[in-house]
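Accompanying notes for the structure given below.
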Amino acid sequence: MTVSDVRTDLGAEEVVERTPWPAAILGLIARYPLGAAGALVVVAMIFAAVFADVIAPYDPEANAYEYMFTAPGGQYWLGADDFGRDIFSRIIYGARTALFVGFVAAFVGATGGLVLGVASAYFGGWFDLIIQRVMDVIMAFPLIILALAVISVLGPGIDKVIIAITIPFIPQCARVVRSSALAIREIPYIDAARACGFSHARIILRHMVPNVMAPFLIMITAFVGQAILLEATLSYLGLGVQEPVPAWGLMLKSGAEEYAESAPWIPIFPGIAISLAVFGFNLFGDALRDALDPKLRAQ
Amino acid sequence: MRFLKSTLVVSFALGLAAAWAGGAVAGETPVRGGILKFVVGSKIPSYDAHMESTFGMIHPIRPFYSLLIRVNPENPSSPTDFVCDLCEGDVPAATDNGLKYTFKIRKDVWFHDGTPLTAADIKATFDKIVFPPEGVPSTRKAFFSSLDSITVPDKYTLVFNMKYASGAFLPAVAAPYNFVYSKKDLDEKGYAWHQKNINGTGAFTFVEHKPGAYVEGKRYEKYHHEGKPYLDGFRAISAPKMAVRLQAIRGNRAAIEFRGFPPKARDDLVAALGDKIVVQESDWNCALQFLPNHRRKPFDDVRVRRALTLAVDRWGGSKYLSQIAIVKTVGGVAFPGHPLAATKEELEKIAGYWPDLDKSRAEARRLLKEAGAEGLEFVLLNRGVDQPYRVVGTWLIDQWKKVGMKVTQNVLPSPAFYDAVRKKHDFDVTVYFNCQSIVNPLADVSAYISDDIAGNNYAGYQDRTMDKLFDQMNRSNDPAEQRRIMRLYEKRALDEEALQFVTLWWYKINPYRSYVKGWKIAPSHYLNQHLDNIWLDPHLM
């Protein structure tokens, strides 16, 4: 069914027809096929994470020594690891760990960056100068080095991993958001809001933040992929999630060193899962950027 | 002797065939020359063996030093077969009802700086180890609790005067950490000098140490054991990651790693290199333990501690874990197979070793319920080293899960781990180890006495009955009486008071290049590392 919306603008009558959602989705897929593939991976990951209890055929943490090193086959689709644990089930549950760390770190990091970036642009002056120099200092360190430094101070564990990943994200997002917010600050409606006596918080939250949501959302999707990769890296280095919690980096670490030759399925499948997830989020993020950026959309 | 299940030397058929093919003469007669390259998986905290306890120091530094006596390099698995290193003739028997040991010291020994060695050097060394001045660290001084004094009647005679006769004394003297230092160095340069400097009488002289890279030594031409060493030198290559060590041997960048690899690594090497690899295996004088923190609730409750051990299936664990980790043998507090160790029948009467696993776990659940600790949640502290810590830690968590406990794991890098266990006591239950060198259960089980007496009990308890039993056992010279007391000691530690626990004993697997000859595996990665009897077979290189 077509929904019509009639709008009157300066006396002229215009009819805007809304496309039905299945057709809209098909249109988006046709326009952004790679993004659609990324979205498919993301949706599959979210589905696996949410319904892991239903999908996974085995308890991911239960040892079954009589089946240790079982090759992929009918009983264990992706094989069993050195403790006889089902690799498929561990990958399914591992998606939960990856997404939890990825989304929390990305959301908190991006939100922190949003607040600092907009505030920095809005207030300007010394406040802006100090905030940006602090951001410069943090950004001077490569992501993994900074995360390792934070972990070495806080110690390993999933909560510490989230903090370690979140901190480097804040300046990245703050820098991008600030550049958008600087442009918005100069638009007359901000002056009008000031003239009306609105508080700084109201101007920032009600009038500036909604206008920088596009870069914010793009940063979040990019951050999720990066966070998943970083969590896997830290777990691989033994500084992240700990056994027996299913986590892809940890699975890769356990298998790569000792069993790469004799039982290659132990490191290969978690490696594929990490690559696929990061690839999926990156494709999805790129497509989202294209879709939300008016200039790219026009092209 | 039935002792030790004798060290199992597994020489694979192809490896043996190759050795024979290499020529019987070459296989039997040592050849001089060559540089032995070996990999070491741990760092060197300092060069001073009197204060250190890591193979990371022993493997690269031991070849620079000599001992008064040492385990027989040809029979290193024996706990009683000692030979003179710096003394002359045979190792002396005790006289005066076991209260006196008189050693004649060799006259043909020189330190690497040219100073001749006398009995005074050895006295100065043992004075530092046994009677260190305030503030001078000495890790094993407790091993010499039976020693009263050391005297030097003449330049080449050394006498140990005992407080009481003890069968644990000679093994303590032969420990590989008792590097003999020069009295002149100790007097003139101080007790800390050896932490950063080397001057020994060993088979090799120090050439260079590049921290994080390697340690190099070259043959000492004035070495006191005639005709040795065979090697021109050695290079100990630092390689903390197991994969790197493994690939170093595989790619022939190193010939051997003296600590040990897990079974799969051995299998991979043998499959890849066939007759170019020889494997030696042995039980290992290392017990992998788990310690409940008695200072914390609910682990101050013996019922909860007993539940911890009753949940663990050691017999099943041995069968499977021995395929993926460097652990294998089920045992009590004493080294399995030793005359003082429990037999299987004796073990099966101890909580956690019962043959009926269902009964054991039902009892664990009952005890938890009675203690009000059903569904107990706690954190298992573990060391960030894969073998065997990570593997056994993961296994333990699964075992406890089967009686309803919810356990998470906190894995820390070694320095932070030691800090948490030894200094901060910040753990609920921790994986730990009791690794010793020479098999000497009378001294090795000292980790189970009260923490205000033992220097290596980190479970945080005082149990005077344990202390008394330990003392009685060490003062007795009757093996049957020692064994009887050991059973009481073990039962109290592992069962009645459930003070701390053994999971499994380690198992040593050393795959190495077949051209390395003369080295024999010992039940400890600390032993037989002087390298003076190792040679390289040019026909197999």
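Note on naming: chains are A, B, ... as they come in the structure tokens, residues start from 1 per chain, ligands start from 1 in the order shown.
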Taking only C-alpha atoms into account, which residues of chain A are within 10 Å of chain B, as a PyMOL selection string? chain A and resi 61-66+68+82-83+152+155-157+237-245+254+256-263
Give me, as a PyMOL selection string, the residues of stretch 74-299 of chain B that a backbone DSSP run labels helix (DSSP H, G or I). chain B and resi 119-130+141-144+169-173+183-189+193-195+242-250+263-276
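Shell of stretch 107-124 of chain B at 7 Å, with only C-alpha atoms counted and residues fewer than 2 places along the chain excluded, is Ile105, Phe126, Asp127, Lys128, Ile150, Val152, Lys155, Tyr156, Thr157, Leu158, Val180, Tyr181, Ser182, Lys183, Asn199, Gly200, Thr201, Thr205 and His224 of chain B.
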Go ahead and write the selection's residues with C-alpha atoms as a short mmCIF file (atom, residue, chain, number, x, y, z; two decimals), in the first residue's frame.
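As written to disk, out.cif reads:
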data_model
loop_
_atom_site.label_atom_id
_atom_site.label_comp_id
_atom_site.auth_asym_id
_atom_site.auth_seq_id
_atom_site.Cartn_x
_atom_site.Cartn_y
_atom_site.Cartn_z
CA ILE B 105 89.05 -30.37 47.89
CA PHE B 126 78.13 -22.03 51.93
CA ASP B 127 78.39 -19.40 54.64
CA LYS B 128 76.64 -17.04 52.23
CA ILE B 150 81.49 -25.10 58.51
CA VAL B 152 88.40 -25.42 57.24
CA LYS B 155 93.70 -25.30 52.80
CA TYR B 156 92.11 -28.27 51.03
CA THR B 157 89.83 -29.77 53.68
CA LEU B 158 86.26 -28.70 54.38
CA VAL B 180 80.90 -21.90 44.26
CA TYR B 181 82.11 -18.32 44.37
CA SER B 182 85.59 -17.00 45.05
CA LYS B 183 86.14 -15.85 48.65
CA ASN B 199 83.62 -15.57 37.92
CA GLY B 200 83.38 -19.31 38.36
CA THR B 201 85.35 -22.48 37.84
CA THR B 205 84.02 -18.86 30.58
CA HIS B 224 89.35 -29.39 36.20
#
Could you give me, as a PyMOL selection string, the residues within 12 Å of B:Lys424, counting only C-alpha atoms and dropping anything in the same chain fewer than 5 positions from it? chain B and resi 293+295+416-419+458-460
Who sits within 12 Å of A:Leu129, only C-alpha atoms, same chain under 5 positions skipped, as a PyMOL selection string: chain A and resi 116-117+119-121+123-124+134-136
To one decimal place in Å, what is the distance between atom CA of B:Leu308 and atom CA of B:Lys369? 12.9 Å
Counting only C-alpha atoms, the residue of A:Leu229, A:Ala105, A:Ile187, A:Ala174 that sits nearest A:His207: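 Among the listed residues, A:Ile187 lies closest to A:His207.
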Mind giving me the straight-line distance from atom CA of B:Pro339 to atom CA of B:Lys491 in Å, one decimal?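 According to the coordinates, atom CA of B:Pro339 and atom CA of B:Lys491 are separated by 16.6 Å.
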I want to know what sits within 8 Å of B:Val431, based on only C-alpha atoms, with residues of the same chain fewer than 4 positions away left out; could you give that as a compact mmCIF listing (two decimals) with N, CA and C atoms, in the first residue's frame?
# COMPACT_ATOMS: atom_id res chain seq x y z
N LEU B 288 52.19 -29.62 40.36
CA LEU B 288 51.33 -28.47 40.07
C LEU B 288 50.21 -28.47 41.10
N GLN B 289 50.17 -27.41 41.88
CA GLN B 289 49.25 -27.36 43.01
C GLN B 289 48.11 -26.36 42.79
N PHE B 290 47.11 -26.42 43.65
CA PHE B 290 46.22 -25.27 43.81
C PHE B 290 46.09 -24.99 45.29
N LEU B 291 46.18 -23.71 45.62
CA LEU B 291 46.21 -23.29 47.02
C LEU B 291 44.98 -22.45 47.34
N LEU B 380 39.83 -17.98 40.21
CA LEU B 380 41.06 -18.77 40.24
C LEU B 380 42.19 -17.92 39.66
N LEU B 381 43.17 -17.64 40.50
CA LEU B 381 44.33 -16.88 40.00
C LEU B 381 45.28 -17.84 39.30
N ASN B 382 45.80 -17.42 38.17
CA ASN B 382 46.68 -18.31 37.43
C ASN B 382 47.82 -17.50 36.83
N ARG B 383 48.86 -18.20 36.45
CA ARG B 383 50.07 -17.57 35.90
C ARG B 383 49.96 -17.55 34.38
N TYR B 389 50.24 -24.20 33.14
CA TYR B 389 49.31 -23.45 33.98
C TYR B 389 47.94 -23.22 33.33
N GLY B 393 44.61 -24.96 34.64
CA GLY B 393 43.64 -24.02 35.21
C GLY B 393 42.28 -24.17 34.56
Close residues, B:Asn528 itself excluded, 8 Å, only C-alpha atoms, min 3 positions apart in chain, as a list in words: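 Counting only C-alpha atoms, the residues come to Val71, Pro73, Pro76, Trp519, Lys520, Ile521, Ala522 and Leu531 of chain B.
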Go ahead and compute the interatomic distance for atom CA of B:Pro30 and atom CA of B:Gly518, in Å to one decimal.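 So the two atoms, atom CA of B:Pro30 and atom CA of B:Gly518, lie 7.9 Å apart.
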